[in-house]
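One file, input-v2.tsv, is given below (TSV, C-alpha atoms).
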```
chain	number	residue	atom	x	y	z
A	1	MET	CA	316.75	92.72	157.77
A	2	PRO	CA	315.81	94.91	160.68
A	3	ARG	CA	316.24	98.63	160.06
A	4	ALA	CA	318.63	98.99	163.04
A	5	ALA	CA	320.94	96.33	161.58
A	6	ILE	CA	321.08	98.14	158.22
A	7	SER	CA	321.99	101.38	159.93
A	8	VAL	CA	324.77	99.84	161.95
A	9	ARG	CA	326.19	98.08	158.88
A	10	ALA	CA	325.98	101.29	156.82
A	11	ILE	CA	327.76	103.29	159.49
A	12	ALA	CA	330.50	100.68	159.82
A	13	TRP	CA	330.95	100.60	156.03
A	14	ALA	CA	331.15	104.38	155.83
A	15	PHE	CA	333.65	104.44	158.69
A	16	ALA	CA	335.83	101.84	156.96
A	17	LEU	CA	335.77	103.82	153.73
A	18	GLN	CA	336.73	106.98	155.57
A	19	CYS	CA	339.63	105.20	157.31
A	20	SER	CA	340.97	103.76	154.08
A	21	ALA	CA	340.74	107.18	152.45
A	22	ALA	CA	342.65	108.73	155.33
A	23	VAL	CA	345.38	106.09	155.11
A	24	ALA	CA	345.62	106.58	151.36
A	25	TRP	CA	345.91	110.37	151.82
A	26	ALA	CA	348.65	109.95	154.38
A	27	ALA	CA	350.58	107.63	152.10
A	28	THR	CA	350.34	109.71	148.93
A	29	PRO	CA	349.02	113.21	149.42
A	30	ALA	CA	346.25	113.99	146.97
A	31	GLU	CA	347.39	116.57	144.45
A	32	ASN	CA	344.86	119.30	144.14
A	33	PHE	CA	346.47	121.64	141.64
A	34	PRO	CA	346.26	121.54	137.86
A	35	ARG	CA	348.97	120.39	135.48
A	36	MET	CA	349.77	121.33	131.90
A	37	ALA	CA	349.43	118.87	129.02
A	38	ASN	CA	353.18	118.19	129.33
A	39	GLY	CA	352.71	117.12	132.95
A	40	LYS	CA	354.29	120.17	134.53
A	41	PRO	CA	352.45	122.03	137.29
A	42	ASP	CA	350.23	124.79	135.96
A	43	LEU	CA	351.17	127.95	137.84
A	44	SER	CA	348.62	130.09	136.01
A	45	GLY	CA	346.66	132.49	138.12
A	46	HIS	CA	346.67	135.86	139.83
A	47	TRP	CA	348.97	135.54	142.81
A	48	SER	CA	349.39	137.62	145.92
A	49	ASN	CA	353.13	137.97	146.39
A	50	PRO	CA	354.12	139.23	149.84
A	51	TYR	CA	355.27	142.86	149.80
A	52	THR	CA	358.96	142.76	150.58
A	53	PRO	CA	360.45	146.25	150.85
A	54	ASP	CA	363.43	144.94	152.82
A	55	MET	CA	364.89	141.59	151.72
A	56	ALA	CA	367.42	141.74	154.54
A	57	ALA	CA	364.89	141.96	157.35
A	58	GLN	CA	365.84	140.13	160.53
A	59	GLY	CA	365.61	136.38	160.07
A	60	LYS	CA	364.80	136.56	156.35
A	61	VAL	CA	368.32	136.22	154.93
A	62	LEU	CA	368.92	132.51	154.46
A	63	ASP	CA	371.68	130.16	153.42
A	64	PRO	CA	370.43	128.89	150.03
A	65	ALA	CA	371.61	125.35	150.78
A	66	THR	CA	370.28	124.88	154.30
A	67	ARG	CA	367.56	127.54	154.35
A	68	GLN	CA	368.80	128.50	157.80
A	69	PRO	CA	369.24	132.19	158.67
A	70	LEU	CA	372.71	133.57	157.97
A	71	GLN	CA	374.58	134.99	160.91
A	72	LEU	CA	375.07	138.63	160.03
A	73	SER	CA	376.76	141.36	162.04
A	74	ARG	CA	373.96	143.92	161.68
A	75	ALA	CA	376.36	146.49	163.10
A	76	PRO	CA	375.09	150.03	162.53
A	77	LEU	CA	376.56	152.11	159.73
A	78	PRO	CA	376.60	155.64	161.11
A	79	ASP	CA	378.17	157.05	157.94
A	80	ALA	CA	375.43	155.62	155.67
A	81	LYS	CA	372.69	157.72	154.14
A	82	ALA	CA	369.25	157.74	155.75
A	83	SER	CA	367.01	154.74	155.19
A	84	ALA	CA	365.14	154.81	151.90
A	85	ALA	CA	362.33	152.63	153.20
A	86	GLY	CA	361.48	154.52	156.36
A	87	ASN	CA	362.69	151.82	158.69
A	88	ALA	CA	365.73	151.40	160.92
A	89	PRO	CA	369.06	153.01	159.95
A	90	ARG	CA	371.25	151.00	157.64
A	91	SER	CA	373.42	148.28	159.06
A	92	LEU	CA	375.63	145.38	157.99
A	93	ASP	CA	372.54	143.37	157.20
A	94	LEU	CA	373.95	141.40	154.26
A	95	PRO	CA	377.36	139.86	153.48
A	96	TYR	CA	378.66	142.84	151.54
A	97	THR	CA	381.89	143.08	149.61
A	98	GLU	CA	383.74	146.37	149.89
A	99	TRP	CA	382.14	147.53	146.64
A	100	GLY	CA	378.71	146.36	147.74
A	101	LEU	CA	378.97	148.12	151.07
A	102	ARG	CA	379.89	151.34	149.33
A	103	GLN	CA	376.76	151.06	147.19
A	104	TRP	CA	374.60	150.26	150.20
A	105	LYS	CA	375.83	153.18	152.28
A	106	SER	CA	375.59	155.75	149.51
A	107	TYR	CA	372.11	155.00	148.10
A	108	ASP	CA	370.14	158.24	148.39
A	109	PRO	CA	367.16	158.38	146.02
A	110	VAL	CA	365.78	161.48	147.69
A	111	ASN	CA	368.75	163.64	146.80
A	112	ASP	CA	370.48	161.76	144.00
A	113	GLY	CA	367.43	160.79	141.93
A	114	ASP	CA	364.75	158.18	142.43
A	115	TYR	CA	364.50	155.70	139.58
A	116	ALA	CA	361.34	154.09	140.99
A	117	GLY	CA	359.72	157.45	141.67
A	118	SER	CA	360.63	158.33	138.09
A	119	CYS	CA	358.51	155.32	137.05
A	120	LEU	CA	361.47	153.60	135.44
A	121	PRO	CA	361.55	149.79	135.56
A	122	PHE	CA	362.02	148.48	139.08
A	123	GLY	CA	364.06	145.44	138.04
A	124	MET	CA	363.16	141.77	138.30
A	125	SER	CA	363.77	141.58	142.04
A	126	ARG	CA	361.81	144.66	143.02
A	127	ASN	CA	358.98	143.78	140.62
A	128	ILE	CA	358.53	140.54	142.49
A	129	ASN	CA	358.85	142.35	145.83
A	130	SER	CA	356.14	144.87	144.97
A	131	PRO	CA	352.90	145.04	147.00
A	132	HIS	CA	350.69	144.42	143.98
A	133	GLY	CA	349.79	141.06	142.48
A	134	VAL	CA	351.42	139.03	139.71
A	135	GLN	CA	349.42	137.19	137.05
A	136	PHE	CA	351.13	134.09	135.68
A	137	VAL	CA	350.14	133.05	132.15
A	138	GLN	CA	351.66	129.70	131.23
A	139	ASN	CA	351.87	127.39	128.25
A	140	PRO	CA	354.06	124.30	127.76
A	141	THR	CA	356.99	126.33	126.44
A	142	SER	CA	356.92	129.58	128.42
A	143	ILE	CA	355.48	131.52	131.28
A	144	ALA	CA	354.63	135.21	131.32
A	145	MET	CA	354.65	137.25	134.51
A	146	LEU	CA	352.23	140.14	134.34
A	147	PHE	CA	353.13	142.48	137.17
A	148	GLU	CA	350.37	144.82	138.23
A	149	GLN	CA	353.14	147.10	139.42
A	150	ASN	CA	353.29	149.70	136.67
A	151	THR	CA	351.65	147.22	134.25
A	152	TRP	CA	355.00	145.61	133.52
A	153	PHE	CA	355.53	142.16	132.03
A	154	HIS	CA	358.35	139.62	131.96
A	155	TRP	CA	358.46	136.68	129.57
A	156	VAL	CA	360.28	133.49	130.52
A	157	PRO	CA	360.94	130.74	127.95
A	158	THR	CA	360.87	127.33	129.64
A	159	ALA	CA	361.62	124.88	126.84
A	160	GLY	CA	365.21	125.65	125.98
A	161	GLN	CA	364.63	128.60	123.68
A	162	LYS	CA	367.68	130.85	123.45
A	163	TRP	CA	367.83	134.60	123.73
A	164	PRO	CA	370.13	136.40	121.26
A	165	ALA	CA	373.64	136.27	122.68
A	166	ASP	CA	374.14	139.99	122.17
A	167	MET	CA	371.03	141.22	123.97
A	168	PRO	CA	371.78	144.61	125.51
A	169	PRO	CA	371.72	144.90	129.30
A	170	SER	CA	368.30	145.85	130.61
A	171	TRP	CA	366.54	147.01	133.75
A	172	ASN	CA	364.78	143.70	134.31
A	173	GLY	CA	367.35	141.44	132.68
A	174	VAL	CA	366.45	138.40	130.61
A	175	SER	CA	365.23	135.15	132.06
A	176	THR	CA	365.33	131.53	131.09
A	177	GLY	CA	363.33	128.91	132.88
A	178	HIS	CA	363.56	125.19	133.30
A	179	TRP	CA	361.82	122.57	135.37
A	180	ASP	CA	363.58	120.74	138.16
A	181	GLY	CA	360.94	118.09	138.72
A	182	ASP	CA	357.87	120.09	139.72
A	183	VAL	CA	359.86	123.23	140.56
A	184	LEU	CA	360.05	126.03	138.01
A	185	VAL	CA	363.53	127.55	138.11
A	186	VAL	CA	363.87	131.02	136.57
A	187	GLU	CA	367.39	132.38	136.13
A	188	THR	CA	367.76	136.05	135.27
A	189	THR	CA	370.91	137.84	134.11
A	190	GLY	CA	371.81	140.70	131.78
A	191	PHE	CA	371.02	143.55	134.14
A	192	ASP	CA	372.02	147.12	133.40
A	193	GLY	CA	372.76	147.70	137.08
A	194	TYR	CA	370.49	150.72	137.44
A	195	THR	CA	368.08	149.06	139.85
A	196	ARG	CA	368.08	147.98	143.48
A	197	LEU	CA	366.88	144.70	144.89
A	198	ASP	CA	364.17	146.28	147.03
A	199	THR	CA	362.68	149.54	148.28
A	200	ALA	CA	365.29	149.74	151.03
A	201	GLY	CA	367.89	149.97	148.29
A	202	HIS	CA	369.95	146.83	148.76
A	203	PRO	CA	372.45	146.88	145.91
A	204	HIS	CA	373.37	144.57	143.08
A	205	SER	CA	375.77	144.78	140.19
A	206	ARG	CA	375.40	144.05	136.52
A	207	GLN	CA	376.99	140.68	137.23
A	208	MET	CA	374.10	139.43	139.34
A	209	LYS	CA	372.35	136.17	138.60
A	210	LEU	CA	368.97	136.10	140.24
A	211	THR	CA	367.37	132.69	140.62
A	212	ASN	CA	363.69	132.53	141.45
A	213	THR	CA	361.98	129.19	142.01
A	214	PHE	CA	358.26	128.50	142.16
A	215	ARG	CA	356.73	125.31	143.52
A	216	ARG	CA	353.00	124.84	143.67
A	217	ILE	CA	352.23	123.33	147.04
A	218	ASP	CA	348.46	123.15	146.70
A	219	ALA	CA	345.57	124.71	144.83
A	220	ARG	CA	346.09	128.10	146.44
A	221	THR	CA	349.74	128.19	147.50
A	222	LEU	CA	353.13	128.72	145.86
A	223	GLU	CA	356.47	128.42	147.58
A	224	HIS	CA	358.76	131.08	146.16
A	225	THR	CA	362.50	131.21	146.73
A	226	VAL	CA	364.95	133.78	145.44
A	227	ILE	CA	368.73	133.37	145.48
A	228	VAL	CA	371.01	136.36	144.96
A	229	HIS	CA	374.33	135.42	143.37
A	230	ASP	CA	376.43	138.52	142.86
A	231	PRO	CA	380.12	138.13	143.79
A	232	LYS	CA	380.82	141.78	143.04
A	233	THR	CA	378.34	142.89	145.69
A	234	TYR	CA	378.14	140.00	148.17
A	235	THR	CA	380.78	137.69	149.59
A	236	ARG	CA	378.38	134.75	149.41
A	237	ASP	CA	375.01	133.78	147.97
A	238	TRP	CA	371.93	134.39	150.08
A	239	ALA	CA	368.23	133.67	149.75
A	240	ASN	CA	364.71	134.55	150.81
A	241	VAL	CA	361.83	132.04	151.01
A	242	ARG	CA	358.26	133.28	150.73
A	243	THR	CA	354.72	131.97	150.39
A	244	TRP	CA	352.39	133.26	147.70
A	245	LYS	CA	348.63	132.84	147.78
A	246	LEU	CA	346.25	132.62	144.85
A	247	LYS	CA	343.88	135.56	144.80
A	248	PRO	CA	340.15	134.96	144.55
A	249	ALA	CA	338.78	134.81	141.01
A	250	SER	CA	337.07	138.15	141.52
A	251	ASP	CA	340.43	139.84	142.11
A	252	VAL	CA	341.71	140.61	138.63
A	253	VAL	CA	345.00	142.16	137.58
A	254	MET	CA	344.43	145.86	136.98
A	255	GLU	CA	346.10	148.67	135.07
A	256	TYR	CA	348.63	150.72	137.02
A	257	SER	CA	350.08	153.92	135.61
A	258	CYS	CA	352.82	155.27	137.87
A	259	GLU	CA	353.13	158.39	135.76
A	260	GLU	CA	349.61	159.62	136.47
A	261	ASN	CA	350.63	161.41	139.64
A	262	ASN	CA	354.38	161.09	139.66
A	263	LEU	CA	354.84	163.25	136.56
A	264	GLY	CA	353.53	166.19	138.57
A	265	ASN	CA	355.77	165.31	141.50
A	266	LEU	CA	358.76	165.07	139.17
A	267	PHE	CA	357.98	168.44	137.59
A	268	SER	CA	357.44	170.06	141.00
A	269	GLY	CA	360.65	168.65	142.39
A	270	ALA	CA	358.95	166.56	145.07
A	271	ILE	CA	360.62	163.56	143.43
A	272	LYS	CA	364.12	164.05	142.09
A	273	PRO	CA	364.40	162.59	138.58
A	274	TRP	CA	366.82	159.70	138.06
A	275	LYS	CA	369.77	160.17	135.76
A	276	PRO	CA	372.10	157.49	134.37
A	277	PRO	CA	375.38	157.24	136.26
A	278	GLU	CA	378.28	159.17	134.76
A	279	ASN	CA	380.70	156.31	135.32
A	280	GLU	CA	378.95	153.08	134.41
A	281	ASP	CA	381.94	151.00	135.41
A	282	GLU	CA	381.32	151.98	138.99
A	283	GLU	CA	377.76	150.73	138.81
B	1	MET	CA	321.21	152.22	155.59
B	2	LYS	CA	322.46	148.84	156.64
B	3	ASN	CA	324.51	148.64	153.45
B	4	LYS	CA	325.95	152.09	154.06
B	5	THR	CA	327.05	151.14	157.54
B	6	LEU	CA	328.56	147.96	156.24
B	7	LEU	CA	330.42	149.78	153.48
B	8	LEU	CA	331.90	152.29	155.90
B	9	GLY	CA	332.97	149.44	158.14
B	10	VAL	CA	334.66	147.74	155.21
B	11	LEU	CA	336.42	150.94	154.23
B	12	LEU	CA	337.62	151.58	157.74
B	13	ALA	CA	338.79	148.01	158.16
B	14	GLY	CA	340.55	148.23	154.82
B	15	SER	CA	342.40	151.38	155.70
B	16	LEU	CA	343.38	150.05	159.09
B	17	ALA	CA	344.56	146.80	157.56
B	18	GLY	CA	347.04	148.76	155.50
B	19	ALA	CA	348.55	150.52	158.49
B	20	GLY	CA	352.11	149.68	159.31
B	21	GLY	CA	353.19	148.83	155.80
B	22	ALA	CA	356.27	150.25	154.23
B	23	LEU	CA	356.81	153.47	152.42
B	24	ALA	CA	355.91	154.27	148.87
B	25	HIS	CA	358.63	154.40	146.26
B	26	HIS	CA	358.39	158.15	146.19
B	27	SER	CA	359.50	158.26	149.77
B	28	THR	CA	357.13	159.89	152.24
B	29	ALA	CA	360.22	161.12	154.03
B	30	ALA	CA	361.27	162.82	150.82
B	31	GLU	CA	358.07	164.70	150.22
B	32	PHE	CA	356.55	165.31	153.63
B	33	ASP	CA	357.91	166.85	156.81
B	34	SER	CA	357.02	165.17	160.09
B	35	SER	CA	357.88	168.39	161.88
B	36	LYS	CA	355.08	170.18	160.03
B	37	PRO	CA	351.89	168.52	161.30
B	38	ILE	CA	348.66	170.12	160.22
B	39	THR	CA	344.99	169.67	161.08
B	40	PHE	CA	342.16	171.37	159.23
B	41	THR	CA	338.48	170.99	158.44
B	42	GLY	CA	337.21	171.52	154.94
B	43	THR	CA	335.00	170.36	152.13
B	44	VAL	CA	335.81	167.64	149.62
B	45	GLN	CA	336.18	169.38	146.28
B	46	LYS	CA	337.58	166.66	144.05
B	47	VAL	CA	338.97	163.12	144.20
B	48	MET	CA	341.91	162.52	141.87
B	49	TRP	CA	341.72	158.73	141.41
B	50	MET	CA	345.25	158.23	140.11
B	51	ASN	CA	348.29	156.01	140.55
B	52	PRO	CA	350.35	155.53	142.55
B	53	HIS	CA	348.26	157.44	145.10
B	54	ILE	CA	344.88	159.08	145.01
B	55	TYR	CA	344.65	162.71	146.04
B	56	THR	CA	341.59	164.26	147.65
B	57	HIS	CA	341.30	167.98	147.14
B	58	ILE	CA	339.86	169.62	150.24
B	59	GLU	CA	338.86	173.27	150.27
B	60	VAL	CA	339.37	175.20	153.49
B	61	LYS	CA	337.88	178.63	154.07
B	62	GLN	CA	340.39	181.24	155.17
B	63	ALA	CA	339.91	184.09	157.65
B	64	ASP	CA	340.20	186.65	154.86
B	65	GLY	CA	337.23	185.15	153.06
B	66	GLY	CA	339.29	183.31	150.50
B	67	SER	CA	339.95	179.61	150.39
B	68	PHE	CA	342.88	177.22	150.12
B	69	VAL	CA	342.75	173.78	148.54
B	70	TYR	CA	344.91	171.09	150.11
B	71	HIS	CA	345.81	167.95	148.13
B	72	VAL	CA	345.62	165.06	150.56
B	73	GLU	CA	347.51	161.93	149.57
B	74	GLY	CA	345.75	158.59	149.92
B	75	GLY	CA	346.39	154.98	149.00
B	76	PRO	CA	346.98	153.36	145.63
B	77	PRO	CA	343.70	153.20	143.72
B	78	ASN	CA	343.91	149.51	142.87
B	79	SER	CA	344.34	148.59	146.54
B	80	LEU	CA	341.54	150.93	147.55
B	81	PHE	CA	339.28	149.42	144.88
B	82	ARG	CA	339.91	145.96	146.32
B	83	GLN	CA	339.05	147.28	149.77
B	84	GLY	CA	335.70	148.53	148.53
B	85	TRP	CA	336.51	152.14	147.74
B	86	ARG	CA	335.27	153.72	144.54
B	87	LYS	CA	336.12	157.07	143.04
B	88	ASP	CA	332.80	158.48	144.24
B	89	THR	CA	332.74	156.84	147.67
B	90	LEU	CA	333.83	160.09	149.30
B	91	LYS	CA	331.20	162.47	148.00
B	92	ILE	CA	331.98	165.94	146.73
B	93	GLY	CA	330.87	168.45	149.35
B	94	THR	CA	331.44	166.15	152.32
B	95	VAL	CA	332.85	168.00	155.32
B	96	VAL	CA	335.91	166.24	156.72
B	97	THR	CA	338.75	166.89	159.14
B	98	VAL	CA	342.27	166.07	158.04
B	99	SER	CA	345.39	165.50	160.11
B	100	GLY	CA	348.70	164.95	158.35
B	101	TRP	CA	352.07	166.35	157.41
B	102	ARG	CA	352.72	169.32	155.16
B	103	ALA	CA	355.07	168.92	152.24
B	104	LYS	CA	358.69	169.96	152.66
B	105	ASN	CA	358.19	172.31	149.76
B	106	ALA	CA	356.45	175.25	151.43
B	107	ASP	CA	354.62	176.12	148.22
B	108	SER	CA	353.12	172.66	147.84
B	109	PRO	CA	349.48	172.09	148.78
B	110	ASN	CA	350.19	168.39	149.37
B	111	VAL	CA	349.49	166.71	152.71
B	112	GLY	CA	350.77	163.22	153.47
B	113	GLN	CA	350.37	160.63	156.20
B	114	ALA	CA	346.80	161.81	156.37
B	115	THR	CA	343.93	160.76	158.55
B	116	ILE	CA	340.61	161.87	157.11
B	117	THR	CA	337.76	161.90	159.62
B	118	ALA	CA	334.14	162.32	158.66
B	119	ALA	CA	331.83	164.71	160.51
B	120	ASP	CA	330.39	161.83	162.51
B	121	GLY	CA	333.86	160.91	163.79
B	122	LYS	CA	334.45	157.91	161.58
B	123	LYS	CA	337.97	157.67	160.16
B	124	LEU	CA	338.01	157.23	156.38
B	125	PHE	CA	341.75	157.11	155.91
B	126	ASN	CA	343.83	156.35	158.91
B	127	GLY	CA	347.22	158.00	159.14
B	128	ASP	CA	349.71	156.02	157.20
B	129	GLY	CA	347.05	153.55	156.11
B	130	PRO	CA	346.64	152.41	152.52
B	131	SER	CA	349.07	154.94	151.12
B	132	LYS	CA	351.87	153.05	152.82
B	133	ALA	CA	351.23	150.02	150.70
B	134	ALA	CA	351.90	151.80	147.42
B	135	GLU	CA	355.12	151.05	145.61
```
Transcribe the structure of this file into structure tokens.
Amino acid sequence: MPRAAISVRAIAWAFALQCSAAVAWAATPAENFPRMANGKPDLSGHWSNPYTPDMAAQGKVLDPATRQPLQLSRAPLPDAKASAAGNAPRSLDLPYTEWGLRQWKSYDPVNDGDYAGSCLPFGMSRNINSPHGVQFVQNPTSIAMLFEQNTWFHWVPTAGQKWPADMPPSWNGVSTGHWDGDVLVVETTGFDGYTRLDTAGHPHSRQMKLTNTFRRIDARTLEHTVIVHDPKTYTRDWANVRTWKLKPASDVVMEYSCEENNLGNLFSGAIKPWKPPENEDEE
Amino acid sequence: MKNKTLLLGVLLAGSLAGAGGALAHHSTAAEFDSSKPITFTGTVQKVMWMNPHIYTHIEVKQADGGSFVYHVEGGPPNSLFRQGWRKDTLKIGTVVTVSGWRAKNADSPNVGQATITAADGKKLFNGDGPSKAAE
């Protein structure tokens, strides 16, 4: 067979293979992320979670069902305290109840005590919103979230294990996870109400149920959603949707000790220490 | 030499990349006063590589022959590490110029929102750069 004929046939064969591969990919996208032995997506890894100091930023507050932005008044609140996150003055940026609005307008960590500056637990929401990474460690019955922020951890059972019914309220709450198909659903309750949702200081009550979902889209990407259900604070549920990226293997989770410098700032008065509220029922 | 230039470029890019982020949890507004800007030139005395922010101690000679040591707030060490900074990147004895805000507490030596500029004009920390990303 002449050499030219071989080449033409080889090229045609390679082209046909490529086309069939492309068709196959279009029909059933190739999955390029790992799974656990039980078939569930393996979310293990050190993830870069987008820093979210303001969950109510323009366009970010979504209807959990439709994922469309909620129509919010965003009217200014001239009688509210100064912004705690250094951005625009506070406004009607979430669907507050009367109680929730009171909490939103009065939050003043500079003068009333800063729980985060005091290195106390940020709470599940603000941990996830922090600018530092989160390492997921997963096995078939649980997933652990290792937050670089202040070297905190959060353990989530995913196989029906039960927490004691009389667990005391806590800063981060307690979570249970389950799988909805390939989506990990983490529901967190049992909050002590001392925390805020984010750096800006958006409020929540002890009644809040926070639902975080994690869906691995590809080898390097997670879709993260968070739904805030808190009828004491908000007249309706609302959500954020975010994209997480897997960090390179060289980027390892590191120790983070908030107290190293903040102790001095607390002693000097630069940061006002947090104190528990006198009337917990109001929290 | 080539490596040094590259490193400085990485550091500068890293600090600029952090600009525009949000405030630290110990609010900059709480500790520092934007109406008290300050600029001074001094010598790096010590780098306190600590969370949630590093502090660079910079000694400034005073007219009376004495000296004053400012504590200049920088970014979170883990973020700086990932950007290529190390505790000894900014050498002791380096002469730098700092622009920033004094603390609200008049007795405090702390300076925030700082830009640190090396003698050759290169910016090491840029204004509200990496420190803004701390939480």
request  = For stretch 108-110 of chain B, please output as number ranges by chain all residues within 6 Å (counting only C-alpha atoms; exclusion window: fewer than 5 positions along the same chain).
outcome  = B: 70-72, 103
ask   = Residues at most 6 Å from stretch 97-101 of chain B, counting all atoms listed in the file, excluding those fewer than 2 positions away in the same chain, as a list in words?
value =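 Here the qualifying residues turn out to be Phe32, Asp33, Ser34, Lys36, Pro37, Ile38, Thr39, Phe40, Thr41, Val111, Gly112, Gln113, Ala114, Thr115, Ile116 and Thr117 of chain B.
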Could you turn the residues from that selection into a file that holds C-alpha atoms, as a PDB file, keeping the file's coordinate frame?
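The resulting file, part-v4.pdb, is shown below:
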```pdb
ATOM      1  CA  PHE B  32     356.550 165.310 153.630  1.00  0.00           C
ATOM      2  CA  ASP B  33     357.910 166.850 156.810  1.00  0.00           C
ATOM      3  CA  SER B  34     357.020 165.170 160.090  1.00  0.00           C
ATOM      4  CA  LYS B  36     355.080 170.180 160.030  1.00  0.00           C
ATOM      5  CA  PRO B  37     351.890 168.520 161.300  1.00  0.00           C
ATOM      6  CA  ILE B  38     348.660 170.120 160.220  1.00  0.00           C
ATOM      7  CA  THR B  39     344.990 169.670 161.080  1.00  0.00           C
ATOM      8  CA  PHE B  40     342.160 171.370 159.230  1.00  0.00           C
ATOM      9  CA  THR B  41     338.480 170.990 158.440  1.00  0.00           C
ATOM     10  CA  VAL B 111     349.490 166.710 152.710  1.00  0.00           C
ATOM     11  CA  GLY B 112     350.770 163.220 153.470  1.00  0.00           C
ATOM     12  CA  GLN B 113     350.370 160.630 156.200  1.00  0.00           C
ATOM     13  CA  ALA B 114     346.800 161.810 156.370  1.00  0.00           C
ATOM     14  CA  THR B 115     343.930 160.760 158.550  1.00  0.00           C
ATOM     15  CA  ILE B 116     340.610 161.870 157.110  1.00  0.00           C
ATOM     16  CA  THR B 117     337.760 161.900 159.620  1.00  0.00           C
TER      17      THR B 117
END
```
request  = Go through B:His57, B:Val47, B:Asp64, B:Glu31 and flag the residue nearest B:Thr89, using all atoms listed in the file for the distances.
outcome  =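 Smallest separation from B:Thr89 among the options: B:Val47.
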message = For a quick check of understanding, using all atoms listed in the file, which of A:Thr213, A:Ser48, A:Asn240, A:Thr176 has the smallest distance to A:Thr141?
response =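 Between A:Thr213, A:Ser48, A:Asn240, A:Thr176, the residue approaching A:Thr141 most closely is A:Thr176.
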task = Dump as number ranges by chain the residues of chain A that approach chain B to within 10 Å, counting all atoms listed in the file.
result = A: 51-54, 82-87, 109-111, 114-119, 122, 126-127, 129-132, 148-150, 198-200, 250-262, 265-266, 268-272
ask   = Between A:Gln207, A:Thr66, A:Ser175, A:Thr221, which is the closest to A:Trp47 once you count all atoms listed in the file?
value =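 The answer is A:Thr221, which sits nearest to A:Trp47.
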query = Do you have the atom CA of A:Asp237-atom CA of A:Ala88 distance handy?
reply =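 Those two atoms sit 23.8 Å apart.
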Radius query 10 Å about (334.9, 172.7, 150.0), atoms used: all atoms listed in the file, as a list of chain:residue names = B:Thr41, B:Gly42, B:Thr43, B:Val44, B:Gln45, B:Lys46, B:His57, B:Ile58, B:Glu59, B:Val60, B:Lys61, B:Ser67, B:Phe68, B:Val69, B:Ile92, B:Gly93, B:Thr94, B:Val95, B:Val96
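In this structure, atom CA of A:Pro89 sits 12.1 Å away from atom CA of A:Ala57.
Interatomic distance, atom CA of A:Phe136 to atom CA of A:Leu184: 12.2 Å.
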task = Name the residues in contact with A:Arg67 at a cut-off of 10 Å, using only C-alpha atoms, excluding same-chain residues fewer than 4 positions from it; report them as number ranges by chain.
result = A: 60-63, 225, 238-241
N, CA and C atoms modelled onto stretch 81-93 of chain B, as an mmCIF file, in the coordinates of the input:
```
data_model
loop_
_atom_site.group_PDB
_atom_site.id
_atom_site.type_symbol
_atom_site.label_atom_id
_atom_site.label_comp_id
_atom_site.auth_asym_id
_atom_site.auth_seq_id
_atom_site.Cartn_x
_atom_site.Cartn_y
_atom_site.Cartn_z
ATOM 1 N N PHE B 81 340.397 150.066 145.586
ATOM 2 C CA PHE B 81 339.280 149.420 144.880
ATOM 3 C C PHE B 81 338.989 148.055 145.492
ATOM 4 N N ARG B 82 340.080 147.309 145.769
ATOM 5 C CA ARG B 82 339.910 145.960 146.320
ATOM 6 C C ARG B 82 339.363 146.007 147.747
ATOM 7 N N GLN B 83 339.572 147.153 148.415
ATOM 8 C CA GLN B 83 339.050 147.280 149.770
ATOM 9 C C GLN B 83 337.608 147.800 149.778
ATOM 10 N N GLY B 84 337.082 148.092 148.598
ATOM 11 C CA GLY B 84 335.700 148.530 148.530
ATOM 12 C C GLY B 84 335.511 149.988 148.194
ATOM 13 N N TRP B 85 336.615 150.738 148.118
ATOM 14 C CA TRP B 85 336.510 152.140 147.740
ATOM 15 C C TRP B 85 336.181 152.269 146.260
ATOM 16 N N ARG B 86 335.461 153.317 145.932
ATOM 17 C CA ARG B 86 335.270 153.720 144.540
ATOM 18 C C ARG B 86 335.577 155.209 144.448
ATOM 19 N N LYS B 87 335.752 155.672 143.224
ATOM 20 C CA LYS B 87 336.120 157.070 143.040
ATOM 21 C C LYS B 87 335.112 158.004 143.695
ATOM 22 N N ASP B 88 333.839 157.595 143.703
ATOM 23 C CA ASP B 88 332.800 158.480 144.240
ATOM 24 C C ASP B 88 332.349 158.082 145.643
ATOM 25 N N THR B 89 333.138 157.237 146.314
ATOM 26 C CA THR B 89 332.740 156.840 147.670
ATOM 27 C C THR B 89 332.725 158.071 148.587
ATOM 28 N N LEU B 90 333.775 158.856 148.498
ATOM 29 C CA LEU B 90 333.830 160.090 149.300
ATOM 30 C C LEU B 90 333.197 161.189 148.449
ATOM 31 N N LYS B 91 331.994 161.572 148.838
ATOM 32 C CA LYS B 91 331.200 162.470 148.000
ATOM 33 C C LYS B 91 331.740 163.894 147.997
ATOM 34 N N ILE B 92 331.638 164.527 146.842
ATOM 35 C CA ILE B 92 331.980 165.940 146.730
ATOM 36 C C ILE B 92 331.072 166.716 147.692
ATOM 37 N N GLY B 93 331.648 167.647 148.419
ATOM 38 C CA GLY B 93 330.870 168.450 149.350
ATOM 39 C C GLY B 93 330.856 167.926 150.770
#
```
